[in-house]
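Written below as structure tokens is the structure these notes are about.
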Amino acid sequence: MKARNSKTLISIISIVLCTVILAGTTFAWFVDVASNKNNEVKIANFAVDLLAEDGTTSIKGGSADIFDGVKLEPGAFITKKLYAKNIGEIDLKHQIEVKSENVDAKNYLQAAIIVGDTTAATWDEIKAAAKGNALLTDPVTAEAGVLTPEASQSFTVALYMVEDAPATVAGTSAKITVKVNAGQTN
């Protein structure tokens with residue numbers, strides 16, 4: 001009886017092994033590999049420029065005084081139209097940022113950023129049209145959208161001195177930085 005059980009077990013194991021081997025050879029008929037080597041991928045150029053009011057002169061890196069040394073008095077404002085231009089090879093999303101580095105004056109200066117063209121003529125109209133509007137105690141930012149290669153986007157930066165600015169601010173100046181932050185769209 002033991003010999004018969006042993007022969008049966010060996011037969012079953014042999015059948016299973018033959019089935020596995022047969023399945024393996026059959027599977028090989030349905031598997032293939034194809035490859036392609038030595039492909040070159042170039043990395044796209046990624047760059048943005050900040051342009052003056054004329055839309056062509058680069059002022060990137062602080063090469064020009066955007067506000068021309070204007071003197072603001074309480075209740076007055078100034079606007080400057082600028083452009084962000086994609087000088088790279090890929091789409092990029094960009095954000096405009098305005099900040100002040102002067103501790104005294106920035107508590108009394110408001111900045112507003114209007115993306116695109118504007119006909120706003122009063123400070124209230126500017127604030128209503130602005131994507132970013134606040135005192136310059138912190139940077140003021142505005143999302144400006146996507147720029148395709150060689151495209152440019154106009155935006156207006158407005159500065160306003162609050163009406164209740166104290167006399168101690170008179171004669172001081174504020175160093176204003178306008179920056180275009182850019183990133184990939186995906």
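For the structure tokens, the naming scheme is as follows: chains receive sequential letters (A, B, ...) according to their order of presentation, residues are indexed from 1 within each chain, and ligands are indexed from 1 in presentation order.
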Pick out the residues sitting within 12 Å of region 100-111 of chain A, and hand them over as a PDB file with N, CA, C and O atoms, in the first residue's frame; count only C-alpha atoms, and ignore anything fewer than 2 positions along from it in its own chain.
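Just written: part.pdb:
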```pdb
ATOM      1  N   LEU A  72       6.329 111.173  -3.023  1.00  0.00           N
ATOM      2  CA  LEU A  72       4.916 111.028  -2.669  1.00  0.00           C
ATOM      3  C   LEU A  72       4.598 111.846  -1.437  1.00  0.00           C
ATOM      4  O   LEU A  72       5.425 111.969  -0.534  1.00  0.00           O
ATOM      5  N   GLU A  73       3.419 112.384  -1.391  1.00  0.00           N
ATOM      6  CA  GLU A  73       2.941 113.069  -0.187  1.00  0.00           C
ATOM      7  C   GLU A  73       1.686 112.344   0.278  1.00  0.00           C
ATOM      8  O   GLU A  73       1.082 111.591  -0.484  1.00  0.00           O
ATOM      9  N   PRO A  74       1.300 112.521   1.527  1.00  0.00           N
ATOM     10  CA  PRO A  74       0.121 111.823   2.045  1.00  0.00           C
ATOM     11  C   PRO A  74      -1.104 112.022   1.151  1.00  0.00           C
ATOM     12  O   PRO A  74      -1.393 113.130   0.697  1.00  0.00           O
ATOM     13  N   GLY A  75      -1.783 110.899   0.850  1.00  0.00           N
ATOM     14  CA  GLY A  75      -2.981 110.921   0.017  1.00  0.00           C
ATOM     15  C   GLY A  75      -2.703 110.844  -1.470  1.00  0.00           C
ATOM     16  O   GLY A  75      -3.630 110.789  -2.273  1.00  0.00           O
ATOM     17  N   ALA A  76      -1.437 110.812  -1.887  1.00  0.00           N
ATOM     18  CA  ALA A  76      -1.083 110.780  -3.311  1.00  0.00           C
ATOM     19  C   ALA A  76      -0.645 109.374  -3.718  1.00  0.00           C
ATOM     20  O   ALA A  76      -0.226 108.570  -2.890  1.00  0.00           O
ATOM     21  N   PHE A  77      -0.744 109.092  -5.014  1.00  0.00           N
ATOM     22  CA  PHE A  77      -0.294 107.797  -5.518  1.00  0.00           C
ATOM     23  C   PHE A  77       0.399 107.974  -6.860  1.00  0.00           C
ATOM     24  O   PHE A  77       0.276 108.998  -7.520  1.00  0.00           O
ATOM     25  N   ILE A  78       1.144 106.943  -7.238  1.00  0.00           N
ATOM     26  CA  ILE A  78       1.821 106.903  -8.528  1.00  0.00           C
ATOM     27  C   ILE A  78       1.618 105.515  -9.109  1.00  0.00           C
ATOM     28  O   ILE A  78       1.544 104.533  -8.365  1.00  0.00           O
ATOM     29  N   THR A  79       1.513 105.433 -10.437  1.00  0.00           N
ATOM     30  CA  THR A  79       1.391 104.132 -11.098  1.00  0.00           C
ATOM     31  C   THR A  79       2.484 103.985 -12.146  1.00  0.00           C
ATOM     32  O   THR A  79       2.910 104.971 -12.754  1.00  0.00           O
ATOM     33  N   LYS A  80       2.940 102.761 -12.350  1.00  0.00           N
ATOM     34  CA  LYS A  80       3.907 102.456 -13.402  1.00  0.00           C
ATOM     35  C   LYS A  80       3.501 101.150 -14.071  1.00  0.00           C
ATOM     36  O   LYS A  80       3.283 100.141 -13.407  1.00  0.00           O
ATOM     37  N   ILE A  96       3.666  88.445  -9.557  1.00  0.00           N
ATOM     38  CA  ILE A  96       4.315  89.739  -9.370  1.00  0.00           C
ATOM     39  C   ILE A  96       4.411  89.998  -7.872  1.00  0.00           C
ATOM     40  O   ILE A  96       3.465  89.758  -7.131  1.00  0.00           O
ATOM     41  N   GLU A  97       5.550  90.515  -7.440  1.00  0.00           N
ATOM     42  CA  GLU A  97       5.758  90.819  -6.018  1.00  0.00           C
ATOM     43  C   GLU A  97       6.335  92.231  -5.885  1.00  0.00           C
ATOM     44  O   GLU A  97       7.241  92.607  -6.626  1.00  0.00           O
ATOM     45  N   VAL A  98       5.793  92.992  -4.938  1.00  0.00           N
ATOM     46  CA  VAL A  98       6.300  94.329  -4.630  1.00  0.00           C
ATOM     47  C   VAL A  98       6.605  94.355  -3.143  1.00  0.00           C
ATOM     48  O   VAL A  98       5.770  93.937  -2.325  1.00  0.00           O
ATOM     49  N   ILE A 113      -1.248  95.850  -7.228  1.00  0.00           N
ATOM     50  CA  ILE A 113      -0.776  95.272  -8.486  1.00  0.00           C
ATOM     51  C   ILE A 113      -1.999  94.941  -9.334  1.00  0.00           C
ATOM     52  O   ILE A 113      -2.873  94.195  -8.911  1.00  0.00           O
ATOM     53  N   ILE A 114      -2.048  95.533 -10.514  1.00  0.00           N
ATOM     54  CA  ILE A 114      -3.132  95.263 -11.459  1.00  0.00           C
ATOM     55  C   ILE A 114      -2.521  94.494 -12.623  1.00  0.00           C
ATOM     56  O   ILE A 114      -1.605  94.982 -13.281  1.00  0.00           O
ATOM     57  N   TRP A 123      -7.389 106.118  -6.572  1.00  0.00           N
ATOM     58  CA  TRP A 123      -6.865 105.041  -5.732  1.00  0.00           C
ATOM     59  C   TRP A 123      -7.949 103.994  -5.451  1.00  0.00           C
ATOM     60  O   TRP A 123      -7.673 102.796  -5.449  1.00  0.00           O
ATOM     61  N   ILE A 126      -8.153 101.805  -8.435  1.00  0.00           N
ATOM     62  CA  ILE A 126      -6.968 100.943  -8.480  1.00  0.00           C
ATOM     63  C   ILE A 126      -7.140  99.782  -7.507  1.00  0.00           C
ATOM     64  O   ILE A 126      -6.898  98.622  -7.854  1.00  0.00           O
ATOM     65  N   LYS A 127      -7.559 100.075  -6.287  1.00  0.00           N
ATOM     66  CA  LYS A 127      -7.759  99.007  -5.296  1.00  0.00           C
ATOM     67  C   LYS A 127      -8.802  98.002  -5.779  1.00  0.00           C
ATOM     68  O   LYS A 127      -8.655  96.803  -5.583  1.00  0.00           O
ATOM     69  N   ALA A 130      -7.222  95.747  -8.457  1.00  0.00           N
ATOM     70  CA  ALA A 130      -5.969  95.080  -8.087  1.00  0.00           C
ATOM     71  C   ALA A 130      -6.176  93.628  -7.684  1.00  0.00           C
ATOM     72  O   ALA A 130      -7.171  93.273  -7.068  1.00  0.00           O
ATOM     73  N   LYS A 131      -5.179  92.792  -8.038  1.00  0.00           N
ATOM     74  CA  LYS A 131      -5.148  91.405  -7.569  1.00  0.00           C
ATOM     75  C   LYS A 131      -4.403  91.313  -6.250  1.00  0.00           C
ATOM     76  O   LYS A 131      -4.538  90.350  -5.528  1.00  0.00           O
ATOM     77  N   GLY A 132      -3.573  92.279  -5.951  1.00  0.00           N
ATOM     78  CA  GLY A 132      -2.854  92.352  -4.690  1.00  0.00           C
ATOM     79  C   GLY A 132      -2.886  93.784  -4.203  1.00  0.00           C
ATOM     80  O   GLY A 132      -2.649  94.703  -4.971  1.00  0.00           O
ATOM     81  N   ASN A 133      -3.221  93.987  -2.924  1.00  0.00           N
ATOM     82  CA  ASN A 133      -3.330  95.349  -2.397  1.00  0.00           C
ATOM     83  C   ASN A 133      -3.150  95.289  -0.886  1.00  0.00           C
ATOM     84  O   ASN A 133      -3.934  94.645  -0.198  1.00  0.00           O
ATOM     85  N   ALA A 134      -2.109  95.946  -0.362  1.00  0.00           N
ATOM     86  CA  ALA A 134      -1.868  95.943   1.077  1.00  0.00           C
ATOM     87  C   ALA A 134      -0.773  96.941   1.427  1.00  0.00           C
ATOM     88  O   ALA A 134      -0.080  97.459   0.550  1.00  0.00           O
ATOM     89  N   LEU A 135      -0.644  97.195   2.723  1.00  0.00           N
ATOM     90  CA  LEU A 135       0.500  97.981   3.193  1.00  0.00           C
ATOM     91  C   LEU A 135       1.773  97.218   2.878  1.00  0.00           C
ATOM     92  O   LEU A 135       1.778  95.982   2.827  1.00  0.00           O
ATOM     93  N   LEU A 136       2.862  97.923   2.710  1.00  0.00           N
ATOM     94  CA  LEU A 136       4.125  97.283   2.359  1.00  0.00           C
ATOM     95  C   LEU A 136       4.885  96.744   3.567  1.00  0.00           C
ATOM     96  O   LEU A 136       6.087  96.514   3.492  1.00  0.00           O
ATOM     97  N   THR A 137       4.193  96.527   4.683  1.00  0.00           N
ATOM     98  CA  THR A 137       4.849  95.896   5.825  1.00  0.00           C
ATOM     99  C   THR A 137       5.246  94.467   5.477  1.00  0.00           C
ATOM    100  O   THR A 137       6.188  93.923   6.036  1.00  0.00           O
ATOM    101  N   ASP A 138       4.529  93.838   4.560  1.00  0.00           N
ATOM    102  CA  ASP A 138       4.857  92.522   4.006  1.00  0.00           C
ATOM    103  C   ASP A 138       4.837  92.660   2.485  1.00  0.00           C
ATOM    104  O   ASP A 138       4.190  93.559   1.957  1.00  0.00           O
ATOM    105  N   PRO A 139       5.501  91.754   1.785  1.00  0.00           N
ATOM    106  CA  PRO A 139       5.429  91.824   0.324  1.00  0.00           C
ATOM    107  C   PRO A 139       3.985  91.699  -0.173  1.00  0.00           C
ATOM    108  O   PRO A 139       3.190  90.958   0.378  1.00  0.00           O
ATOM    109  N   VAL A 140       3.661  92.443  -1.214  1.00  0.00           N
ATOM    110  CA  VAL A 140       2.346  92.374  -1.862  1.00  0.00           C
ATOM    111  C   VAL A 140       2.536  91.548  -3.121  1.00  0.00           C
ATOM    112  O   VAL A 140       3.437  91.815  -3.910  1.00  0.00           O
ATOM    113  N   THR A 141       1.688  90.520  -3.304  1.00  0.00           N
ATOM    114  CA  THR A 141       1.834  89.645  -4.458  1.00  0.00           C
ATOM    115  C   THR A 141       0.522  89.533  -5.234  1.00  0.00           C
ATOM    116  O   THR A 141      -0.552  89.759  -4.686  1.00  0.00           O
ATOM    117  N   ALA A 142       0.658  89.172  -6.501  1.00  0.00           N
ATOM    118  CA  ALA A 142      -0.507  88.938  -7.360  1.00  0.00           C
ATOM    119  C   ALA A 142      -0.167  87.841  -8.361  1.00  0.00           C
ATOM    120  O   ALA A 142       0.864  87.912  -9.030  1.00  0.00           O
ATOM    121  N   THR A 156       0.430  96.740 -13.790  1.00  0.00           N
ATOM    122  CA  THR A 156       0.650  98.076 -13.248  1.00  0.00           C
ATOM    123  C   THR A 156       0.924  97.966 -11.760  1.00  0.00           C
ATOM    124  O   THR A 156       0.189  97.294 -11.038  1.00  0.00           O
ATOM    125  N   VAL A 157       1.982  98.627 -11.335  1.00  0.00           N
ATOM    126  CA  VAL A 157       2.301  98.724  -9.910  1.00  0.00           C
ATOM    127  C   VAL A 157       1.915 100.131  -9.473  1.00  0.00           C
ATOM    128  O   VAL A 157       2.314 101.118 -10.084  1.00  0.00           O
ATOM    129  N   ALA A 158       1.114 100.204  -8.420  1.00  0.00           N
ATOM    130  CA  ALA A 158       0.698 101.501  -7.885  1.00  0.00           C
ATOM    131  C   ALA A 158       1.162 101.612  -6.441  1.00  0.00           C
ATOM    132  O   ALA A 158       1.061 100.657  -5.676  1.00  0.00           O
ATOM    133  N   LEU A 159       1.684 102.771  -6.089  1.00  0.00           N
ATOM    134  CA  LEU A 159       2.082 103.060  -4.709  1.00  0.00           C
ATOM    135  C   LEU A 159       1.249 104.226  -4.203  1.00  0.00           C
ATOM    136  O   LEU A 159       1.057 105.217  -4.912  1.00  0.00           O
ATOM    137  N   TYR A 160       0.791 104.120  -2.977  1.00  0.00           N
ATOM    138  CA  TYR A 160      -0.074 105.130  -2.369  1.00  0.00           C
ATOM    139  C   TYR A 160       0.436 105.425  -0.962  1.00  0.00           C
ATOM    140  O   TYR A 160       0.692 104.506  -0.190  1.00  0.00           O
ATOM    141  N   MET A 161       0.603 106.700  -0.629  1.00  0.00           N
ATOM    142  CA  MET A 161       0.972 107.061   0.736  1.00  0.00           C
ATOM    143  C   MET A 161      -0.311 107.374   1.498  1.00  0.00           C
ATOM    144  O   MET A 161      -1.105 108.204   1.062  1.00  0.00           O
ATOM    145  N   VAL A 162      -0.496 106.674   2.619  1.00  0.00           N
ATOM    146  CA  VAL A 162      -1.721 106.856   3.396  1.00  0.00           C
ATOM    147  C   VAL A 162      -1.824 108.301   3.891  1.00  0.00           C
ATOM    148  O   VAL A 162      -0.813 108.971   4.120  1.00  0.00           O
ATOM    149  N   GLU A 163      -3.053 108.764   4.038  1.00  0.00           N
ATOM    150  CA  GLU A 163      -3.294 110.170   4.388  1.00  0.00           C
ATOM    151  C   GLU A 163      -2.826 110.531   5.789  1.00  0.00           C
ATOM    152  O   GLU A 163      -2.472 111.678   6.052  1.00  0.00           O
ATOM    153  N   ASP A 164      -2.794 109.566   6.701  1.00  0.00           N
ATOM    154  CA  ASP A 164      -2.412 109.875   8.084  1.00  0.00           C
ATOM    155  C   ASP A 164      -0.941 109.573   8.378  1.00  0.00           C
ATOM    156  O   ASP A 164      -0.567 109.320   9.517  1.00  0.00           O
ATOM    157  N   ALA A 165      -0.092 109.622   7.347  1.00  0.00           N
ATOM    158  CA  ALA A 165       1.344 109.409   7.555  1.00  0.00           C
ATOM    159  C   ALA A 165       1.896 110.534   8.432  1.00  0.00           C
ATOM    160  O   ALA A 165       1.619 111.710   8.189  1.00  0.00           O
ATOM    161  N   PRO A 166       2.668 110.199   9.462  1.00  0.00           N
ATOM    162  CA  PRO A 166       3.182 111.230  10.366  1.00  0.00           C
ATOM    163  C   PRO A 166       4.302 112.053   9.728  1.00  0.00           C
ATOM    164  O   PRO A 166       4.929 111.638   8.757  1.00  0.00           O
ATOM    165  N   ALA A 167       4.546 113.197  10.302  1.00  0.00           N
ATOM    166  CA  ALA A 167       5.588 114.106   9.804  1.00  0.00           C
ATOM    167  C   ALA A 167       6.969 113.471   9.902  1.00  0.00           C
ATOM    168  O   ALA A 167       7.878 113.854   9.163  1.00  0.00           O
ATOM    169  N   THR A 168       7.154 112.496  10.785  1.00  0.00           N
ATOM    170  CA  THR A 168       8.468 111.856  10.931  1.00  0.00           C
ATOM    171  C   THR A 168       8.876 111.076   9.689  1.00  0.00           C
ATOM    172  O   THR A 168      10.047 110.778   9.502  1.00  0.00           O
ATOM    173  N   VAL A 169       7.924 110.766   8.834  1.00  0.00           N
ATOM    174  CA  VAL A 169       8.234 110.041   7.608  1.00  0.00           C
ATOM    175  C   VAL A 169       8.745 110.998   6.527  1.00  0.00           C
ATOM    176  O   VAL A 169       9.445 110.591   5.600  1.00  0.00           O
ATOM    177  N   ALA A 170       8.438 112.269   6.651  1.00  0.00           N
ATOM    178  CA  ALA A 170       8.854 113.262   5.651  1.00  0.00           C
ATOM    179  C   ALA A 170      10.367 113.225   5.488  1.00  0.00           C
ATOM    180  O   ALA A 170      11.122 113.163   6.454  1.00  0.00           O
ATOM    181  N   GLY A 171      10.800 113.259   4.259  1.00  0.00           N
ATOM    182  CA  GLY A 171      12.234 113.276   3.962  1.00  0.00           C
ATOM    183  C   GLY A 171      12.865 111.897   3.892  1.00  0.00           C
ATOM    184  O   GLY A 171      14.014 111.781   3.481  1.00  0.00           O
ATOM    185  N   THR A 172      12.161 110.854   4.309  1.00  0.00           N
ATOM    186  CA  THR A 172      12.723 109.501   4.207  1.00  0.00           C
ATOM    187  C   THR A 172      12.419 108.953   2.808  1.00  0.00           C
ATOM    188  O   THR A 172      11.679 109.548   2.043  1.00  0.00           O
ATOM    189  N   SER A 173      13.004 107.846   2.507  1.00  0.00           N
ATOM    190  CA  SER A 173      12.735 107.210   1.215  1.00  0.00           C
ATOM    191  C   SER A 173      12.476 105.727   1.438  1.00  0.00           C
ATOM    192  O   SER A 173      12.815 105.179   2.488  1.00  0.00           O
ATOM    193  N   ALA A 174      11.883 105.125   0.478  1.00  0.00           N
ATOM    194  CA  ALA A 174      11.609 103.689   0.541  1.00  0.00           C
ATOM    195  C   ALA A 174      12.227 103.020  -0.676  1.00  0.00           C
ATOM    196  O   ALA A 174      12.023 103.460  -1.796  1.00  0.00           O
ATOM    197  N   LYS A 175      12.999 102.004  -0.435  1.00  0.00           N
ATOM    198  CA  LYS A 175      13.567 101.205  -1.523  1.00  0.00           C
ATOM    199  C   LYS A 175      12.505 100.171  -1.916  1.00  0.00           C
ATOM    200  O   LYS A 175      12.174  99.283  -1.141  1.00  0.00           O
ATOM    201  N   ILE A 176      11.963 100.321  -3.108  1.00  0.00           N
ATOM    202  CA  ILE A 176      10.893  99.449  -3.583  1.00  0.00           C
ATOM    203  C   ILE A 176      11.487  98.417  -4.548  1.00  0.00           C
ATOM    204  O   ILE A 176      12.216  98.777  -5.472  1.00  0.00           O
ATOM    205  N   THR A 177      11.163  97.157  -4.326  1.00  0.00           N
ATOM    206  CA  THR A 177      11.593  96.084  -5.213  1.00  0.00           C
ATOM    207  C   THR A 177      10.375  95.509  -5.917  1.00  0.00           C
ATOM    208  O   THR A 177       9.392  95.166  -5.269  1.00  0.00           O
ATOM    209  N   VAL A 178      10.445  95.435  -7.233  1.00  0.00           N
ATOM    210  CA  VAL A 178       9.406  94.790  -8.041  1.00  0.00           C
ATOM    211  C   VAL A 178      10.048  93.532  -8.616  1.00  0.00           C
ATOM    212  O   VAL A 178      11.098  93.599  -9.254  1.00  0.00           O
ATOM    213  N   LYS A 179       9.408  92.390  -8.374  1.00  0.00           N
ATOM    214  CA  LYS A 179       9.997  91.130  -8.772  1.00  0.00           C
ATOM    215  C   LYS A 179       8.968  90.270  -9.498  1.00  0.00           C
ATOM    216  O   LYS A 179       7.794  90.276  -9.144  1.00  0.00           O
TER     217      LYS A 179
END
```
Query raised in the report: When DSSP works through the backbone of this structure, what residues of region 45-180 of chain A end up as strand (DSSP E or B), shown as a count of residues only?
Result: 58
Query raised in the report: Excluding same-chain residues fewer than 6 positions from Gly145 (chain A), what lies within 8 Å of it counting only C-alpha atoms, as a list in words?
Result: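 The neighbour list is Lys93, His94 and Gln95 of chain A.
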I need the residues from that last selection saved to file as a short mmCIF file (atom, residue, chain, number, x, y, z; two decimals), in the first residue's frame (with N, CA, C and O atoms), if you can.
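So the final result, stored in selection.cif, reads:
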```
data_model
loop_
_atom_site.label_atom_id
_atom_site.label_comp_id
_atom_site.auth_asym_id
_atom_site.auth_seq_id
_atom_site.Cartn_x
_atom_site.Cartn_y
_atom_site.Cartn_z
N LYS A 93 4.28 79.87 -15.29
CA LYS A 93 3.32 80.67 -14.54
C LYS A 93 4.13 81.71 -13.78
O LYS A 93 5.28 81.45 -13.39
N HIS A 94 3.54 82.89 -13.61
CA HIS A 94 4.32 83.93 -12.94
C HIS A 94 3.47 84.69 -11.93
O HIS A 94 2.24 84.69 -11.99
N GLN A 95 4.18 85.30 -11.03
CA GLN A 95 3.58 86.06 -9.93
C GLN A 95 4.38 87.36 -9.81
O GLN A 95 5.60 87.37 -9.95
#
```
Requested in this report: Enumerate the residues of chain A with a DSSP assignment of helix (DSSP H, G or I), computed from the backbone, and present them as a PyMOL selection string.
Outcome: chain A and resi 2-28+105-107+123-129+167-169
Counting only C-alpha atoms, what is within 9 Å of region 43-55 of chain A, bar same-chain residues fewer than 2 positions away, as a compact mmCIF listing (two decimals) with N, CA and C atoms, in the first residue's frame?
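Contents of result_25.txt, freshly written:
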```txt
# COMPACT_ATOMS: atom_id res chain seq x y z
N VAL A 41 17.83 63.89 -25.21
CA VAL A 41 16.77 64.78 -24.72
C VAL A 41 17.43 66.09 -24.32
N THR A 57 12.51 97.54 -23.14
CA THR A 57 13.75 97.74 -22.40
C THR A 57 13.77 96.88 -21.14
N SER A 58 14.79 96.02 -21.04
CA SER A 58 14.92 95.15 -19.88
C SER A 58 15.40 95.96 -18.68
N ILE A 59 14.72 95.77 -17.55
CA ILE A 59 15.15 96.42 -16.30
C ILE A 59 15.42 95.36 -15.25
N LYS A 60 15.67 94.14 -15.71
CA LYS A 60 15.97 93.03 -14.81
C LYS A 60 17.27 93.32 -14.06
N GLY A 61 17.29 93.01 -12.79
CA GLY A 61 18.50 93.21 -12.01
C GLY A 61 18.68 94.63 -11.50
N ALA A 64 17.33 100.04 -13.78
CA ALA A 64 16.64 101.32 -13.97
C ALA A 64 15.79 101.63 -12.74
N ILE A 66 12.47 102.47 -11.51
CA ILE A 66 11.09 102.38 -12.05
C ILE A 66 10.29 103.64 -11.73
N LYS A 80 2.94 102.76 -12.35
CA LYS A 80 3.91 102.46 -13.40
C LYS A 80 3.50 101.15 -14.07
N LYS A 81 3.39 101.21 -15.38
CA LYS A 81 3.07 100.03 -16.16
C LYS A 81 4.38 99.33 -16.51
N LEU A 82 4.44 98.04 -16.26
CA LEU A 82 5.62 97.23 -16.56
C LEU A 82 5.16 95.97 -17.30
N TYR A 83 6.12 95.17 -17.71
CA TYR A 83 5.82 93.93 -18.43
C TYR A 83 6.68 92.80 -17.88
N ALA A 84 6.08 91.62 -17.82
CA ALA A 84 6.83 90.39 -17.59
C ALA A 84 6.87 89.67 -18.93
N LYS A 85 8.07 89.18 -19.32
CA LYS A 85 8.19 88.51 -20.61
C LYS A 85 8.87 87.16 -20.43
N ASN A 86 8.29 86.16 -21.06
CA ASN A 86 8.88 84.82 -21.06
C ASN A 86 9.94 84.78 -22.17
N ILE A 87 11.20 84.72 -21.79
CA ILE A 87 12.28 84.65 -22.78
C ILE A 87 12.86 83.24 -22.85
N GLY A 88 12.12 82.29 -22.30
CA GLY A 88 12.54 80.89 -22.32
C GLY A 88 11.83 80.12 -23.42
N GLU A 89 11.88 78.80 -23.31
CA GLU A 89 11.34 77.91 -24.34
C GLU A 89 10.12 77.12 -23.88
N ILE A 90 9.71 77.29 -22.63
CA ILE A 90 8.56 76.54 -22.11
C ILE A 90 7.57 77.50 -21.46
N ASP A 91 6.32 77.04 -21.35
CA ASP A 91 5.31 77.84 -20.65
C ASP A 91 5.71 78.00 -19.19
N LEU A 92 5.40 79.15 -18.61
CA LEU A 92 5.66 79.35 -17.19
C LEU A 92 4.53 80.16 -16.56
N HIS A 94 3.54 82.89 -13.61
CA HIS A 94 4.32 83.93 -12.94
C HIS A 94 3.47 84.69 -11.93
N SER A 152 4.41 88.29 -23.52
CA SER A 152 4.60 89.22 -22.41
C SER A 152 3.24 89.56 -21.81
N SER A 154 1.38 92.61 -19.42
CA SER A 154 1.51 93.92 -18.78
C SER A 154 0.92 93.85 -17.38
N VAL A 178 10.44 95.43 -7.23
CA VAL A 178 9.41 94.79 -8.04
C VAL A 178 10.05 93.53 -8.62
N LYS A 179 9.41 92.39 -8.37
CA LYS A 179 10.00 91.13 -8.77
C LYS A 179 8.97 90.27 -9.50
N VAL A 180 9.40 89.55 -10.52
CA VAL A 180 8.56 88.58 -11.21
C VAL A 180 9.07 87.20 -10.80
N ASN A 181 8.25 86.45 -10.08
CA ASN A 181 8.59 85.08 -9.71
C ASN A 181 7.96 84.16 -10.74
N ALA A 182 8.76 83.26 -11.31
CA ALA A 182 8.24 82.37 -12.34
C ALA A 182 8.53 80.93 -12.00
N GLY A 183 7.64 80.05 -12.45
CA GLY A 183 7.81 78.62 -12.23
C GLY A 183 7.20 77.84 -13.39
N GLN A 184 7.53 76.57 -13.46
CA GLN A 184 6.96 75.72 -14.50
C GLN A 184 5.46 75.57 -14.30
```
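CA of Pro149 (chain A) to CA of Asn186 (chain A) spans 15.0 Å [interatomic distance, one decimal].
Minimum atom-to-atom distance to Leu147 (chain A), evaluated using only C-alpha atoms, belongs to A:Thr185 out of A:Asp124, A:Asn36, A:Thr185, A:Arg4.
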**Report entry** Closest of A:Val70, A:Val16, A:Val115, A:Ala129 to Phe155 (chain A) - atom-to-atom distances counting only C-alpha atoms
**Finding:**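 The answer is A:Val115, which sits nearest to Phe155 (chain A).
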Report task. Work out how far CA of Ala151 (chain A) is from CA of Asp117 (chain A), in Å to one decimal. Result -> 15.2 Å
**Report entry** For CA of Gly116 (chain A) and CA of Gln153 (chain A), the interatomic separation in Å (one decimal)
**Finding:**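 Separating CA of Gly116 (chain A) from CA of Gln153 (chain A) is a distance of 6.6 Å.
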